[in-house]
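What follows is the content of upload-v9.csv, which has CSV, C-alpha atoms:
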```
chain,number,residue,atom,x,y,z
Z,1,MET,CA,-43.8,64.1,-51.0
Z,2,LYS,CA,-45.7,66.8,-49.2
Z,3,ILE,CA,-48.9,69.0,-49.6
Z,4,SER,CA,-49.6,72.1,-47.5
Z,5,LYS,CA,-52.5,74.5,-47.7
Z,6,LYS,CA,-53.0,78.0,-46.2
Z,7,THR,CA,-55.3,81.0,-46.8
Z,8,PHE,CA,-53.8,83.3,-49.5
Z,9,GLY,CA,-56.3,86.1,-49.0
Z,10,VAL,CA,-59.9,87.1,-49.2
Z,11,LEU,CA,-61.7,88.5,-52.3
Z,12,SER,CA,-64.0,91.6,-52.1
Z,13,SER,CA,-66.9,89.0,-52.3
Z,14,GLY,CA,-65.7,87.7,-49.0
Z,15,LYS,CA,-64.6,84.4,-50.4
Z,16,LYS,CA,-61.3,82.9,-49.3
Z,17,VAL,CA,-58.5,82.1,-51.7
Z,18,TYR,CA,-56.2,79.2,-50.8
Z,19,LEU,CA,-52.5,78.7,-51.6
Z,20,TYR,CA,-51.3,75.1,-52.0
Z,21,THR,CA,-47.7,74.1,-51.9
Z,22,LEU,CA,-46.6,70.8,-53.4
Z,23,GLN,CA,-43.2,69.2,-52.8
Z,24,ALA,CA,-41.9,66.2,-54.7
Z,25,GLY,CA,-38.4,65.2,-55.9
Z,26,ASP,CA,-36.3,68.3,-55.7
Z,27,LEU,CA,-39.0,70.8,-56.7
Z,28,SER,CA,-41.6,72.9,-54.8
Z,29,LEU,CA,-44.7,74.3,-56.6
Z,30,SER,CA,-47.2,76.8,-55.2
Z,31,LEU,CA,-50.7,77.3,-56.7
Z,32,SER,CA,-53.5,79.7,-55.9
Z,33,SER,CA,-57.2,78.8,-56.3
Z,34,PHE,CA,-57.8,82.3,-57.8
Z,35,GLY,CA,-57.2,81.8,-61.5
Z,36,ALA,CA,-55.8,78.3,-60.9
Z,37,THR,CA,-52.5,80.1,-60.8
Z,38,LEU,CA,-48.9,78.8,-60.6
Z,39,THR,CA,-47.4,81.3,-58.2
Z,40,SER,CA,-43.9,79.9,-57.7
Z,41,LEU,CA,-41.7,77.0,-58.7
Z,42,ILE,CA,-38.5,76.4,-56.8
Z,43,VAL,CA,-35.9,74.6,-58.8
Z,44,PRO,CA,-32.2,73.7,-57.8
Z,45,SER,CA,-29.2,74.8,-59.9
Z,46,ARG,CA,-25.6,73.8,-60.4
Z,47,THR,CA,-24.2,77.1,-59.1
Z,48,SER,CA,-26.5,79.2,-57.0
Z,49,GLY,CA,-28.8,76.9,-55.0
Z,50,LYS,CA,-32.5,76.9,-55.3
Z,51,GLU,CA,-34.4,79.7,-57.1
Z,52,ASP,CA,-38.0,80.6,-58.0
Z,53,VAL,CA,-38.1,80.4,-61.8
Z,54,LEU,CA,-41.7,81.8,-62.2
Z,55,LEU,CA,-42.6,85.5,-62.5
Z,56,GLY,CA,-45.4,86.5,-60.2
Z,57,TYR,CA,-46.6,88.4,-57.1
Z,58,SER,CA,-46.3,88.0,-53.4
Z,59,CYS,CA,-50.0,88.8,-52.5
Z,60,LEU,CA,-53.5,88.0,-53.7
Z,61,GLU,CA,-54.4,91.6,-54.4
Z,62,ALA,CA,-51.8,91.9,-57.1
Z,63,TYR,CA,-53.1,88.8,-58.8
Z,64,THR,CA,-56.6,90.4,-59.0
Z,65,HIS,CA,-54.9,93.0,-61.3
Z,66,ASN,CA,-52.7,90.6,-63.2
Z,67,ILE,CA,-52.4,92.4,-66.5
Z,68,PRO,CA,-49.5,90.2,-67.8
Z,69,TYR,CA,-51.4,87.0,-66.9
Z,70,PHE,CA,-48.6,85.7,-64.7
Z,71,GLY,CA,-49.0,82.0,-64.1
Z,72,VAL,CA,-52.8,81.8,-64.7
Z,73,THR,CA,-55.0,79.2,-66.3
Z,74,ILE,CA,-56.5,80.6,-69.5
Z,75,GLY,CA,-60.0,79.9,-70.8
Z,76,ARG,CA,-62.4,79.4,-72.4
Z,77,PHE,CA,-60.2,80.2,-75.3
Z,78,GLY,CA,-56.5,81.0,-74.9
Z,79,ASN,CA,-54.9,83.4,-77.3
Z,80,ARG,CA,-56.8,85.6,-79.8
Z,81,ILE,CA,-60.1,85.4,-81.6
Z,82,GLY,CA,-60.1,87.9,-84.5
Z,83,GLY,CA,-62.8,90.5,-84.5
Z,84,GLY,CA,-64.1,89.2,-81.2
Z,85,ARG,CA,-66.6,87.0,-83.0
Z,86,PHE,CA,-67.1,83.6,-84.6
Z,87,SER,CA,-70.0,81.7,-86.4
Z,88,LEU,CA,-71.4,78.3,-85.6
Z,89,GLN,CA,-74.2,76.6,-87.5
Z,90,GLY,CA,-75.4,79.9,-89.0
Z,91,THR,CA,-75.3,81.8,-85.7
Z,92,GLU,CA,-72.7,84.5,-85.0
Z,93,TYR,CA,-71.4,84.9,-81.5
Z,94,ALA,CA,-70.1,88.2,-80.3
Z,95,LEU,CA,-67.4,88.1,-77.6
Z,96,TYR,CA,-66.1,90.7,-75.3
Z,97,ARG,CA,-63.3,92.6,-77.1
Z,98,ASN,CA,-60.5,93.2,-74.6
Z,99,ASP,CA,-57.6,93.4,-77.1
Z,100,GLY,CA,-58.5,96.3,-79.4
Z,101,ALA,CA,-61.0,94.9,-81.9
Z,102,HIS,CA,-60.2,91.3,-80.8
Z,103,THR,CA,-60.8,88.9,-77.9
Z,104,LEU,CA,-57.7,87.8,-75.9
Z,105,HIS,CA,-57.5,84.9,-73.4
Z,106,GLY,CA,-61.3,84.5,-72.9
Z,107,GLY,CA,-62.4,88.1,-72.7
Z,108,ARG,CA,-62.8,90.7,-69.9
Z,109,ARG,CA,-63.3,88.1,-67.2
Z,110,GLY,CA,-61.8,84.9,-68.4
Z,111,PHE,CA,-61.0,81.8,-66.3
Z,112,ASP,CA,-57.9,83.6,-65.0
Z,113,LYS,CA,-60.1,86.0,-63.1
Z,114,LEU,CA,-62.3,83.4,-61.4
Z,115,LEU,CA,-62.2,81.5,-58.2
Z,116,TRP,CA,-61.8,77.8,-58.8
Z,117,LYS,CA,-62.8,75.0,-56.4
Z,118,ALA,CA,-59.6,73.2,-55.4
Z,119,ASP,CA,-58.7,69.9,-53.9
Z,120,ALA,CA,-55.2,68.5,-53.3
Z,121,TYR,CA,-54.4,64.8,-53.4
Z,122,GLU,CA,-51.5,62.4,-53.6
Z,123,ASP,CA,-50.9,59.3,-55.7
Z,124,ARG,CA,-48.0,57.0,-56.1
Z,125,ASP,CA,-46.4,59.1,-58.7
Z,126,GLY,CA,-46.7,62.6,-57.3
Z,127,VAL,CA,-48.8,65.3,-55.6
Z,128,PHE,CA,-51.5,67.3,-57.3
Z,129,VAL,CA,-54.1,70.0,-57.0
Z,130,ARG,CA,-57.3,69.6,-59.1
Z,131,PHE,CA,-59.1,72.8,-59.9
Z,132,GLU,CA,-62.8,72.9,-61.1
Z,133,LEU,CA,-65.2,75.6,-62.2
Z,134,THR,CA,-68.4,76.0,-64.2
Z,135,SER,CA,-68.7,78.7,-66.8
Z,136,PRO,CA,-72.4,79.4,-67.6
Z,137,ASP,CA,-74.0,79.6,-71.0
Z,138,GLY,CA,-73.3,83.1,-72.5
Z,139,ASP,CA,-70.2,83.7,-70.3
Z,140,GLU,CA,-68.2,86.4,-72.1
Z,141,GLY,CA,-70.3,85.6,-75.2
Z,142,PHE,CA,-69.5,81.9,-75.5
Z,143,PRO,CA,-72.3,79.4,-76.0
Z,144,GLY,CA,-73.1,76.5,-73.7
Z,145,THR,CA,-72.3,75.7,-70.1
Z,146,CYS,CA,-68.7,74.7,-69.8
Z,147,LYS,CA,-67.4,72.6,-66.9
Z,148,ALA,CA,-63.6,72.8,-66.7
Z,149,ALA,CA,-61.2,70.8,-64.6
Z,150,VAL,CA,-57.4,71.4,-64.5
Z,151,SER,CA,-55.0,69.3,-62.5
Z,152,TYR,CA,-51.4,70.5,-61.8
Z,153,GLY,CA,-48.9,68.5,-60.0
Z,154,LEU,CA,-45.3,67.5,-59.2
Z,155,THR,CA,-43.8,64.0,-59.8
Z,156,LYS,CA,-40.8,62.4,-58.0
Z,157,SER,CA,-38.9,62.8,-61.3
Z,158,ASN,CA,-38.9,66.6,-61.2
Z,159,GLU,CA,-41.7,67.1,-63.6
Z,160,VAL,CA,-44.6,69.5,-63.5
Z,161,ILE,CA,-47.8,67.9,-64.9
Z,162,ALA,CA,-50.7,69.9,-66.4
Z,163,ASP,CA,-53.9,68.0,-67.3
Z,164,TYR,CA,-56.7,70.1,-68.9
Z,165,GLN,CA,-60.3,68.8,-69.2
Z,166,ALA,CA,-63.6,70.5,-70.2
Z,167,ARG,CA,-67.1,69.4,-71.1
Z,168,VAL,CA,-69.5,71.8,-72.7
Z,169,ASP,CA,-73.2,71.1,-73.4
Z,170,ALA,CA,-73.4,73.0,-76.7
Z,171,PRO,CA,-70.9,73.3,-79.6
Z,172,CYS,CA,-68.2,75.8,-78.5
Z,173,PRO,CA,-64.5,76.6,-79.1
Z,174,VAL,CA,-62.4,75.5,-76.1
Z,175,ASN,CA,-58.6,76.2,-75.7
Z,176,LEU,CA,-57.1,75.9,-72.3
Z,177,THR,CA,-53.5,76.7,-71.4
Z,178,ASN,CA,-51.3,78.1,-68.6
Z,179,HIS,CA,-49.6,81.4,-68.9
Z,180,ALA,CA,-46.5,80.8,-66.8
Z,181,TYR,CA,-43.5,83.1,-67.4
Z,182,PHE,CA,-40.2,81.3,-66.9
Z,183,ASN,CA,-36.8,82.8,-66.1
Z,184,LEU,CA,-34.5,79.9,-65.5
Z,185,ALA,CA,-31.9,82.2,-64.0
Z,186,GLY,CA,-34.5,83.0,-61.3
Z,187,GLU,CA,-37.4,85.5,-61.3
Z,188,GLY,CA,-36.2,89.1,-61.1
Z,189,LYS,CA,-32.7,88.2,-62.4
Z,190,GLY,CA,-32.6,90.1,-65.7
Z,191,ASP,CA,-34.0,89.3,-69.1
Z,192,ILE,CA,-34.4,86.0,-70.9
Z,193,LEU,CA,-32.7,86.9,-74.2
Z,194,SER,CA,-29.6,84.8,-73.4
Z,195,HIS,CA,-31.7,81.7,-72.7
Z,196,GLU,CA,-31.2,79.1,-75.4
Z,197,VAL,CA,-34.4,77.7,-76.9
Z,198,ALA,CA,-35.3,74.8,-79.2
Z,199,ILE,CA,-38.8,74.3,-80.6
Z,200,GLN,CA,-39.8,71.0,-82.3
Z,201,ALA,CA,-41.6,72.8,-85.2
Z,202,ASP,CA,-41.0,72.9,-88.9
Z,203,ALA,CA,-43.7,75.6,-89.4
Z,204,TYR,CA,-45.5,78.4,-87.6
Z,205,VAL,CA,-48.7,80.3,-87.8
Z,206,ALA,CA,-48.4,83.6,-89.8
Z,207,VAL,CA,-50.0,86.7,-88.2
Z,208,ASP,CA,-50.8,90.2,-89.2
Z,209,ALA,CA,-49.8,93.4,-87.3
Z,210,SER,CA,-52.6,92.7,-84.7
Z,211,LEU,CA,-51.2,89.2,-84.1
Z,212,ILE,CA,-54.3,87.7,-85.7
Z,213,PRO,CA,-53.5,84.7,-88.0
Z,214,THR,CA,-53.7,85.3,-91.7
Z,215,GLY,CA,-54.6,81.7,-92.3
Z,216,ASP,CA,-51.2,80.8,-93.7
Z,217,ILE,CA,-48.8,78.3,-92.2
Z,218,LEU,CA,-45.2,79.2,-93.0
Z,219,MET,CA,-42.0,77.1,-92.9
Z,220,VAL,CA,-39.7,78.2,-90.1
Z,221,GLY,CA,-36.5,78.3,-91.9
Z,222,PRO,CA,-34.0,79.3,-92.6
Z,223,GLY,CA,-34.5,82.5,-90.7
Z,224,PRO,CA,-35.4,83.9,-87.3
Z,225,PHE,CA,-38.3,81.5,-86.7
Z,226,ASP,CA,-36.0,78.4,-87.0
Z,227,PHE,CA,-35.6,76.9,-83.5
Z,228,ARG,CA,-35.1,73.3,-84.7
Z,229,THR,CA,-31.6,73.6,-83.3
Z,230,ARG,CA,-31.3,75.2,-79.9
Z,231,LYS,CA,-30.1,78.9,-80.1
Z,232,PRO,CA,-30.0,82.0,-77.9
Z,233,ILE,CA,-33.2,84.0,-78.2
Z,234,LYS,CA,-31.2,87.1,-78.9
Z,235,ARG,CA,-29.5,85.7,-82.0
Z,236,ASP,CA,-32.2,86.7,-84.4
Z,237,PHE,CA,-34.3,88.8,-82.1
Z,238,ASP,CA,-33.9,92.1,-83.9
Z,239,ALA,CA,-35.3,90.4,-87.1
Z,240,VAL,CA,-38.7,89.9,-85.4
Z,241,PRO,CA,-40.4,93.3,-84.9
Z,242,GLY,CA,-41.8,93.5,-81.4
Z,243,GLY,CA,-40.3,90.2,-80.4
Z,244,TYR,CA,-41.7,86.6,-80.5
Z,245,ASP,CA,-45.4,86.1,-79.9
Z,246,HIS,CA,-46.1,83.3,-82.4
Z,247,CYS,CA,-47.7,79.9,-82.4
Z,248,PHE,CA,-45.4,77.1,-83.6
Z,249,VAL,CA,-46.8,73.9,-85.2
Z,250,ILE,CA,-45.4,71.1,-83.1
Z,251,GLN,CA,-44.1,68.1,-85.0
Z,252,GLY,CA,-45.9,64.7,-84.5
Z,253,GLU,CA,-49.5,63.7,-84.0
Z,254,PRO,CA,-51.8,66.0,-82.0
Z,255,GLY,CA,-53.4,64.1,-79.2
Z,256,THR,CA,-50.1,62.2,-78.3
Z,257,LEU,CA,-47.7,63.5,-75.7
Z,258,ARG,CA,-44.6,64.4,-77.6
Z,259,PRO,CA,-41.6,66.8,-77.3
Z,260,CYS,CA,-42.4,70.4,-77.8
Z,261,ALA,CA,-39.6,72.7,-76.7
Z,262,GLU,CA,-36.4,72.9,-74.7
Z,263,VAL,CA,-34.9,75.9,-72.8
Z,264,TYR,CA,-31.4,76.1,-71.3
Z,265,GLU,CA,-30.0,78.9,-69.1
Z,266,GLY,CA,-26.2,78.8,-68.9
Z,267,SER,CA,-25.4,80.6,-65.6
Z,268,SER,CA,-27.6,78.2,-63.5
Z,269,GLY,CA,-27.3,75.1,-65.7
Z,270,ARG,CA,-31.0,74.7,-65.6
Z,271,THR,CA,-32.8,73.0,-68.5
Z,272,LEU,CA,-36.6,72.9,-69.1
Z,273,ARG,CA,-38.1,70.4,-71.5
Z,274,VAL,CA,-41.7,70.8,-72.5
Z,275,PHE,CA,-44.0,68.0,-73.9
Z,276,THR,CA,-47.6,68.5,-75.1
Z,277,THR,CA,-50.6,66.7,-76.7
Z,278,GLN,CA,-51.7,70.0,-78.3
Z,279,PRO,CA,-51.1,71.0,-82.0
Z,280,GLY,CA,-49.2,74.1,-81.1
Z,281,VAL,CA,-47.2,76.2,-78.7
Z,282,GLN,CA,-47.2,80.0,-78.3
Z,283,PHE,CA,-43.7,81.2,-77.8
Z,284,TYR,CA,-43.8,84.6,-76.2
Z,285,THR,CA,-40.9,86.7,-75.0
Z,286,GLY,CA,-42.6,89.0,-72.6
Z,287,ASN,CA,-42.7,91.9,-75.1
Z,288,HIS,CA,-45.5,93.7,-73.3
Z,289,ILE,CA,-44.4,93.5,-69.7
Z,290,GLY,CA,-44.3,97.1,-68.3
Z,291,VAL,CA,-42.5,98.0,-65.1
Z,292,VAL,CA,-44.1,95.6,-62.7
Z,293,SER,CA,-43.4,95.1,-59.0
Z,294,GLY,CA,-43.0,91.4,-58.6
Z,295,LYS,CA,-42.2,89.0,-55.8
Z,296,ALA,CA,-39.9,89.8,-52.8
Z,297,GLY,CA,-38.9,93.2,-54.2
Z,298,SER,CA,-38.3,92.1,-57.8
Z,299,VAL,CA,-39.0,94.5,-60.6
Z,300,TYR,CA,-39.9,93.0,-63.9
Z,301,THR,CA,-39.6,94.8,-67.3
Z,302,LYS,CA,-39.8,93.9,-70.9
Z,303,HIS,CA,-38.4,90.3,-71.6
Z,304,SER,CA,-38.1,89.4,-67.9
Z,305,GLY,CA,-39.7,86.0,-68.7
Z,306,LEU,CA,-40.7,83.7,-71.5
Z,307,CYS,CA,-43.9,81.7,-72.1
Z,308,LEU,CA,-44.4,78.4,-73.8
Z,309,GLU,CA,-48.2,78.1,-73.9
Z,310,THR,CA,-49.3,74.7,-75.2
Z,311,GLN,CA,-52.5,75.3,-77.1
Z,312,HIS,CA,-54.7,75.1,-80.2
Z,313,PHE,CA,-53.9,77.7,-82.9
Z,314,PRO,CA,-55.1,81.3,-82.3
Z,315,ASP,CA,-58.3,82.3,-84.1
Z,316,ALA,CA,-59.0,78.6,-84.8
Z,317,PRO,CA,-62.8,79.3,-84.6
Z,318,ASN,CA,-62.5,81.5,-87.7
Z,319,LYS,CA,-60.0,79.4,-89.6
Z,320,PRO,CA,-61.5,76.1,-90.8
Z,321,GLN,CA,-58.1,75.0,-92.2
Z,322,PHE,CA,-56.7,74.9,-88.7
Z,323,PRO,CA,-57.1,71.9,-86.3
Z,324,SER,CA,-60.6,72.0,-84.9
Z,325,SER,CA,-61.0,73.7,-81.5
Z,326,LEU,CA,-64.7,73.0,-81.5
Z,327,TYR,CA,-66.0,70.8,-78.6
Z,328,GLY,CA,-69.5,69.9,-77.4
Z,329,PRO,CA,-71.8,67.2,-76.1
Z,330,GLU,CA,-70.2,64.5,-78.3
Z,331,ARG,CA,-66.6,65.7,-78.0
Z,332,ASP,CA,-65.0,66.4,-74.7
Z,333,TYR,CA,-61.8,68.5,-74.4
Z,334,HIS,CA,-58.8,66.7,-72.8
Z,335,GLU,CA,-55.1,67.9,-73.3
Z,336,LYS,CA,-51.9,67.4,-71.3
Z,337,ALA,CA,-48.6,69.1,-70.9
Z,338,LEU,CA,-45.4,68.2,-69.1
Z,339,PHE,CA,-42.5,70.4,-67.9
Z,340,ALA,CA,-39.4,68.4,-67.0
Z,341,PHE,CA,-36.5,70.1,-65.2
Z,342,ASP,CA,-32.8,69.2,-65.0
Z,343,TRP,CA,-29.7,71.1,-63.9
```

Show me, as structure tokens, the structure contained in the file I just sent.
Amino acid sequence: MKISKKTFGVLSSGKKVYLYTLQAGDLSLSLSSFGATLTSLIVPSRTSGKEDVLLGYSCLEAYTHNIPYFGVTIGRFGNRIGGGRFSLQGTEYALYRNDGAHTLHGGRRGFDKLLWKADAYEDRDGVFVRFELTSPDGDEGFPGTCKAAVSYGLTKSNEVIADYQARVDAPCPVNLTNHAYFNLAGEGKGDILSHEVAIQADAYVAVDASLIPTGDILMVGPGPFDFRTRKPIKRDFDAVPGGYDHCFVIQGEPGTLRPCAEVYEGSSGRTLRVFTTQPGVQFYTGNHIGVVSGKAGSVYTKHSGLCLETQHFPDAPNKPQFPSSLYGPERDYHEKALFAFDW
């Protein structure tokens, strides 16, 4: 196992951003302290050697204008909050609306656009980087001071571990996740529509044309939302206008680490298995990626990567029938995810 650290760049504020590279088992993971971002993940294959399976950029400057949210940690609240507002105990809180009439991924300057304090460490199971930040009361309209800590690491068993924690001193919705885009053929190597996906979900969260939940939970099948048996993304893709960008209700008890999803890519033989403690996972097929200059000369376009964002349900602060995303002095936030690779 190995940990290395170098300067990734300097922000306009004069503060340095660091890039950490972790090696354990057969994997290598690089992470930036700006946005607590996963910048690369090198994974072996059966046929073509090692490849970077994460979409991203080669330099810090590009990450400061990261419109697709490549690899970043999302907070305070991942996904959408309808109307950019919610009410708590008779008080309405207005958030910054950065998605039309709605708030997306924490607002104009969410956790993905902040510099985190970072420390790397090793234990007997793997190598990790722990990121910490403090979001003040009123940040992007959210109440209470929130202290967040996210640890990412590699184990000797070829697993990427994500551990999300937050403590807030007033009642506030919290929903942390990572927005990694995977292409198991290798970043820059075409679209992901031939990837085969299974999702351990019998139901999904219905949304309107603005991708805001209607409040209904619908059964997945039979139909295009049925991923209970692994299938190519493209099989039913044309039946989903705009592509998949939906939260699936993961089977089993929230709070327990349990199977969430599986992805297989045939040309490389790579398999990704995802586990989570969260109630849901947002399956997103990169529908809004424009023409983006990525790493090492790669050019990304629509559907160049897929996301499996483990999380609470979108718009949960306005949907009392959804699992509660409300945390505060008497309820700390703590969720985990695991990404296991094979080939």

Quick one: contact table of segment 130-182 of chain Z to segment 243-261 of chain Z, 12 Å max, nearest atom pair and distance in Å to one decimal per residue, counting all atoms listed in the file, chain and number order, as a tab-separated table?
```
residue	atom	partner	partner_atom	distance
Z:Ile161	CA	Z:Leu257	CA	11.7
Z:Ala162	CA	Z:Leu257	CA	11.7
Z:Asp163	CA	Z:Leu257	CA	11.4
```

Mind writing the picked residues with C-alpha atoms as a PDB file, keeping the file's coordinate frame?
```
ATOM      1  CA  ILE Z 161     -47.800  67.900 -64.900  1.00  0.00           C
ATOM      2  CA  ALA Z 162     -50.700  69.900 -66.400  1.00  0.00           C
ATOM      3  CA  ASP Z 163     -53.900  68.000 -67.300  1.00  0.00           C
TER       4      ASP Z 163
END
```

Contact residues around Gly328 of chain Z with only C-alpha atoms at 8 Å, ignoring same-chain residues under 6 positions, as a PDB file with C-alpha atoms, in the coordinates of the input:
```pdb
ATOM      1  CA  ARG Z 167     -67.100  69.400 -71.100  1.00  0.00           C
ATOM      2  CA  VAL Z 168     -69.500  71.800 -72.700  1.00  0.00           C
ATOM      3  CA  ASP Z 169     -73.200  71.100 -73.400  1.00  0.00           C
ATOM      4  CA  ALA Z 170     -73.400  73.000 -76.700  1.00  0.00           C
ATOM      5  CA  PRO Z 171     -70.900  73.300 -79.600  1.00  0.00           C
ATOM      6  CA  CYS Z 172     -68.200  75.800 -78.500  1.00  0.00           C
TER       7      CYS Z 172
END
```

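Comparing Z:Lys5, Z:Gln89, Z:Pro222, Z:Ser45 by their smallest distance to Ala120 of chain Z, the closest is Z:Lys5 (using all atoms listed in the file).
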
Original post:
Could you pull the residues within 12 Å of Asp238 of chain Z, counting all atoms listed in the file, minus those fewer than 6 positions along the same chain, as JSON, numbers by chain?
Top reply: {"Z": [193, 223, 224, 225, 244]}

**OP:** Would you please work out which residue, of Z:Gly266, Z:Gly71, Z:Leu114, Z:Gln278, is nearest to Tyr333 of chain Z when using all atoms listed in the file?
**Re:** Z:Gln278

Original post:
Z:Thr271, Z:Ser298, Z:Asn98, Z:Gln311: which is nearest Val197 of chain Z, counting only C-alpha atoms?
Top reply: Z:Thr271

**OP:** Find the distance between atom CA of Arg270 of chain Z and atom CA of Phe131 of chain Z and write it in Å to one decimal.
**Re:** 28.7 Å

Centre and size of axis-aligned box enclosing segment 134-150 of chain Z plus 4 Å each side, as lines of an AutoDock Vina configuration file:
```
center_x = -65.7
center_y = 78.6
center_z = -70.1
size_x = 24.6
size_y = 23.6
size_z = 19.8
```
